[in-house]
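Single-structure report; data block below.
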Amino acid sequence: MERNGRLSAVVLGAGLIGVDLMTKVMRSDVLDLRLVVGRDGASPGLRQADRLGLRTATDGIRSLTDTDDVFDVAFDATSALSHAEHAARLAPLGTVLIDLTPSQVGRMVVPTVNGPDALAHRDVNMVSCGGQASIPILHAIARRHRVDYIEVVTTAASMSVGPSTRLNLDEYVGTTRAAVRALTGVDKVKAILNLSPARPPAMFRVAMSLLGEDLTDTSVRALVEDAARGVRAFVDGYRVTACTADGEKAFVAVEVTARGERTPEYAGNIDIINAAALHVAERYAADRFATVGAVTS
């Protein structure tokens, strides 16, 4: 823990997600961004970090393990294939690892659904952007109504999806489906991801179709609005664009407008998963500060 009352943090990965994430962490009152790690010193992300006066490194996970520095929190914005190694190598150091890849290695967490779970795990998986946008709403509906089938269709602008994410498209779909199942209790789930090449770029949208019983328009709308308010507490650009129900079917669509300083408005996919990750990290920091205060008082 830093003397300035903040936890030390590192961002692994300097792609589109990593760049937005580092700007968000820099604004935090409880996290101190000490390092941004990439593999190519000439990459736009690391050059951006240099311009912001941040310390950078290009030796991947070894930049964390082969140093005397100890980091309280590490954000992994690399790839699902790399995360298992990162988790294994950081475990002995006691670093809390917040995984923004669809690896399914750690505990899957959606802040407004099972946020407290993050406090009991050292490796927290943020599922996917589509999962973060859809699961709060799907969980709210499934908790109150019988739901037999869920379909989640995520549409993101191709310009908002970097090379590492493109390598993980199968993992993205699988992890989104697994998280929806786990956090709603609904077994029959289908997840679809569309990367749109449209110009101007398409806004980030997630459409949810549900089949069940007694899905009344009044009840579903109330549940959706309440769930959306919870998400907007830390994702300002999150809004419901459609919500209908007729008894056996319900349809809900959401759109996320990015609010980041260096992220275009259409890249809500980046904004929502990074905002969720930061929310989890700050909640962990608050819990740790409270624990330390209780011990020293």
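Residues in the structure tokens are named by chain (A, B, ... in the order shown) and by number from 1 within that chain; ligands are numbered from 1 in the order shown.
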Using only C-alpha atoms, what does the table of range 58-150 of chain A residues within 12 Å of range 201-224 of chain A look like, with each row giving the shortest atom pair and its distance in Å to one decimal, sorted by chain and ascending number, as a tab-separated table?
residue	atom	partner	partner_atom	distance
A:Ser128	CA	A:Val206	CA	11.8
A:Cys129	CA	A:Val206	CA	9.3
A:Gly130	CA	A:Val206	CA	6.5
A:Gly131	CA	A:Val206	CA	9.1
A:Gln132	CA	A:Val206	CA	10.0
A:Ala133	CA	A:Val206	CA	6.9
A:Ser134	CA	A:Val206	CA	6.8
A:Ile135	CA	A:Met208	CA	9.7
A:Pro136	CA	A:Val224	CA	8.5
A:Ile137	CA	A:Val224	CA	5.5
A:Leu138	CA	A:Met208	CA	8.1
A:His139	CA	A:Leu223	CA	9.6
A:Ala140	CA	A:Leu223	CA	6.0
A:Ile141	CA	A:Leu223	CA	6.3
A:Ala142	CA	A:Gly212	CA	9.2
A:Arg143	CA	A:Leu223	CA	9.7
A:Arg144	CA	A:Leu223	CA	8.6
A:His145	CA	A:Leu215	CA	6.8
A:Arg146	CA	A:Gly212	CA	5.5
A:Val147	CA	A:Gly212	CA	4.2
A:Asp148	CA	A:Gly212	CA	5.1
A:Tyr149	CA	A:Leu211	CA	5.1
A:Ile150	CA	A:Leu210	CA	4.7
Hey, could you make a per-residue contact list for range 135-167 of chain A against range 75-83 of chain A with 12 Å as the cut-off, showing the nearest pair of atoms and its distance in Å to one decimal, counting only C-alpha atoms, sorted by chain and number, as JSON lines?
{"residue": "A:Gly162", "atom": "CA", "partner": "A:Thr78", "partner_atom": "CA", "distance": 10.3}
{"residue": "A:Pro163", "atom": "CA", "partner": "A:Ser79", "partner_atom": "CA", "distance": 9.4}
{"residue": "A:Ser164", "atom": "CA", "partner": "A:Ser79", "partner_atom": "CA", "distance": 5.6}
{"residue": "A:Thr165", "atom": "CA", "partner": "A:Ser79", "partner_atom": "CA", "distance": 6.9}
{"residue": "A:Arg166", "atom": "CA", "partner": "A:Ser79", "partner_atom": "CA", "distance": 9.5}
{"residue": "A:Leu167", "atom": "CA", "partner": "A:Ser79", "partner_atom": "CA", "distance": 7.8}
- strand (DSSP E) per DSSP on the backbone: members of range 18-217 of chain A, as an MDAnalysis selection string: chainID A and resid 31:37 56:57 73:76 96:99 107:108 123:125 147:157 188:196 204:215
- Item | Near-Leu33 in chain A list (10 Å; only C-alpha atoms; drop same-chain fewer than 6 positions) as a PyMOL selection string | chain A and resi 6-11+22-27+54-55+71+73-74
- Which residues come within 12 Å of Val231 in chain A, counting only C-alpha atoms, excluding same-chain residues fewer than 2 positions away, as a PyMOL selection string? chain A and resi 110-113+115+132-137+224-229+233-240+254+256+272-273+275-276+279
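The space separating CA of Gln48 in chain A from CA of Gly15 in chain A comes to 10.5 Å.
The shell of residues at most 8 Å from Asn274 in chain A, with only C-alpha atoms counted and near chain neighbours (fewer than 2 positions) removed, consists of Ile17, Asp20, Leu21, Lys24, Leu100, Ile270, Asp271, Ile272, Ala276, Ala277 and Leu278 of chain A.
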Apply DSSP to the backbone of this structure and, from range 189-235 of chain A, keep only the residues in helix (DSSP H, G or I); write these as a PDB file with N, CA, C and O atoms, in the first residue's frame.
ATOM      1  N   ASP A 217     -45.112  -6.680 -19.648  1.00  0.00           N
ATOM      2  CA  ASP A 217     -44.420  -5.457 -20.034  1.00  0.00           C
ATOM      3  C   ASP A 217     -44.127  -4.582 -18.828  1.00  0.00           C
ATOM      4  O   ASP A 217     -43.020  -4.046 -18.676  1.00  0.00           O
ATOM      5  N   THR A 218     -45.086  -4.450 -17.921  1.00  0.00           N
ATOM      6  CA  THR A 218     -44.905  -3.594 -16.746  1.00  0.00           C
ATOM      7  C   THR A 218     -43.789  -4.110 -15.847  1.00  0.00           C
ATOM      8  O   THR A 218     -42.911  -3.352 -15.418  1.00  0.00           O
ATOM      9  N   SER A 219     -43.803  -5.389 -15.561  1.00  0.00           N
ATOM     10  CA  SER A 219     -42.798  -5.962 -14.666  1.00  0.00           C
ATOM     11  C   SER A 219     -41.406  -5.913 -15.282  1.00  0.00           C
ATOM     12  O   SER A 219     -40.436  -5.520 -14.635  1.00  0.00           O
ATOM     13  N   VAL A 220     -41.294  -6.323 -16.553  1.00  0.00           N
ATOM     14  CA  VAL A 220     -39.980  -6.350 -17.197  1.00  0.00           C
ATOM     15  C   VAL A 220     -39.393  -4.947 -17.294  1.00  0.00           C
ATOM     16  O   VAL A 220     -38.211  -4.734 -17.016  1.00  0.00           O
ATOM     17  N   ARG A 221     -40.210  -3.976 -17.656  1.00  0.00           N
ATOM     18  CA  ARG A 221     -39.702  -2.608 -17.761  1.00  0.00           C
ATOM     19  C   ARG A 221     -39.173  -2.100 -16.418  1.00  0.00           C
ATOM     20  O   ARG A 221     -38.126  -1.458 -16.355  1.00  0.00           O
ATOM     21  N   ALA A 222     -39.883  -2.381 -15.358  1.00  0.00           N
ATOM     22  CA  ALA A 222     -39.447  -1.921 -14.039  1.00  0.00           C
ATOM     23  C   ALA A 222     -38.116  -2.570 -13.646  1.00  0.00           C
ATOM     24  O   ALA A 222     -37.212  -1.903 -13.122  1.00  0.00           O
ATOM     25  N   LEU A 223     -37.994  -3.855 -13.910  1.00  0.00           N
ATOM     26  CA  LEU A 223     -36.757  -4.560 -13.580  1.00  0.00           C
ATOM     27  C   LEU A 223     -35.589  -4.042 -14.405  1.00  0.00           C
ATOM     28  O   LEU A 223     -34.475  -3.852 -13.892  1.00  0.00           O
ATOM     29  N   VAL A 224     -35.834  -3.805 -15.689  1.00  0.00           N
ATOM     30  CA  VAL A 224     -34.780  -3.321 -16.581  1.00  0.00           C
ATOM     31  C   VAL A 224     -34.325  -1.920 -16.173  1.00  0.00           C
ATOM     32  O   VAL A 224     -33.125  -1.624 -16.128  1.00  0.00           O
ATOM     33  N   GLU A 225     -35.277  -1.055 -15.877  1.00  0.00           N
ATOM     34  CA  GLU A 225     -34.917   0.317 -15.493  1.00  0.00           C
ATOM     35  C   GLU A 225     -34.108   0.337 -14.202  1.00  0.00           C
ATOM     36  O   GLU A 225     -33.141   1.099 -14.070  1.00  0.00           O
ATOM     37  N   ASP A 226     -34.466  -0.505 -13.249  1.00  0.00           N
ATOM     38  CA  ASP A 226     -33.732  -0.559 -11.989  1.00  0.00           C
ATOM     39  C   ASP A 226     -32.326  -1.091 -12.205  1.00  0.00           C
ATOM     40  O   ASP A 226     -31.351  -0.551 -11.657  1.00  0.00           O
ATOM     41  N   ALA A 227     -32.186  -2.137 -13.020  1.00  0.00           N
ATOM     42  CA  ALA A 227     -30.854  -2.693 -13.306  1.00  0.00           C
ATOM     43  C   ALA A 227     -29.990  -1.684 -14.043  1.00  0.00           C
ATOM     44  O   ALA A 227     -28.790  -1.553 -13.761  1.00  0.00           O
ATOM     45  N   ALA A 228     -30.580  -0.955 -14.974  1.00  0.00           N
ATOM     46  CA  ALA A 228     -29.825   0.031 -15.740  1.00  0.00           C
ATOM     47  C   ALA A 228     -29.317   1.159 -14.853  1.00  0.00           C
ATOM     48  O   ALA A 228     -28.199   1.657 -15.041  1.00  0.00           O
ATOM     49  N   ARG A 229     -30.116   1.572 -13.885  1.00  0.00           N
ATOM     50  CA  ARG A 229     -29.667   2.619 -12.954  1.00  0.00           C
ATOM     51  C   ARG A 229     -28.419   2.167 -12.198  1.00  0.00           C
ATOM     52  O   ARG A 229     -27.511   2.969 -11.953  1.00  0.00           O
ATOM     53  N   GLY A 230     -28.386   0.905 -11.813  1.00  0.00           N
ATOM     54  CA  GLY A 230     -27.216   0.403 -11.115  1.00  0.00           C
ATOM     55  C   GLY A 230     -25.966   0.466 -11.969  1.00  0.00           C
ATOM     56  O   GLY A 230     -24.888   0.844 -11.493  1.00  0.00           O
ATOM     57  N   VAL A 231     -26.078   0.116 -13.241  1.00  0.00           N
ATOM     58  CA  VAL A 231     -24.923   0.160 -14.137  1.00  0.00           C
ATOM     59  C   VAL A 231     -24.491   1.596 -14.388  1.00  0.00           C
ATOM     60  O   VAL A 231     -23.292   1.906 -14.430  1.00  0.00           O
ATOM     61  N   ARG A 232     -25.460   2.498 -14.548  1.00  0.00           N
ATOM     62  CA  ARG A 232     -25.122   3.901 -14.824  1.00  0.00           C
ATOM     63  C   ARG A 232     -24.384   4.572 -13.669  1.00  0.00           C
ATOM     64  O   ARG A 232     -23.797   5.650 -13.853  1.00  0.00           O
TER      65      ARG A 232
END
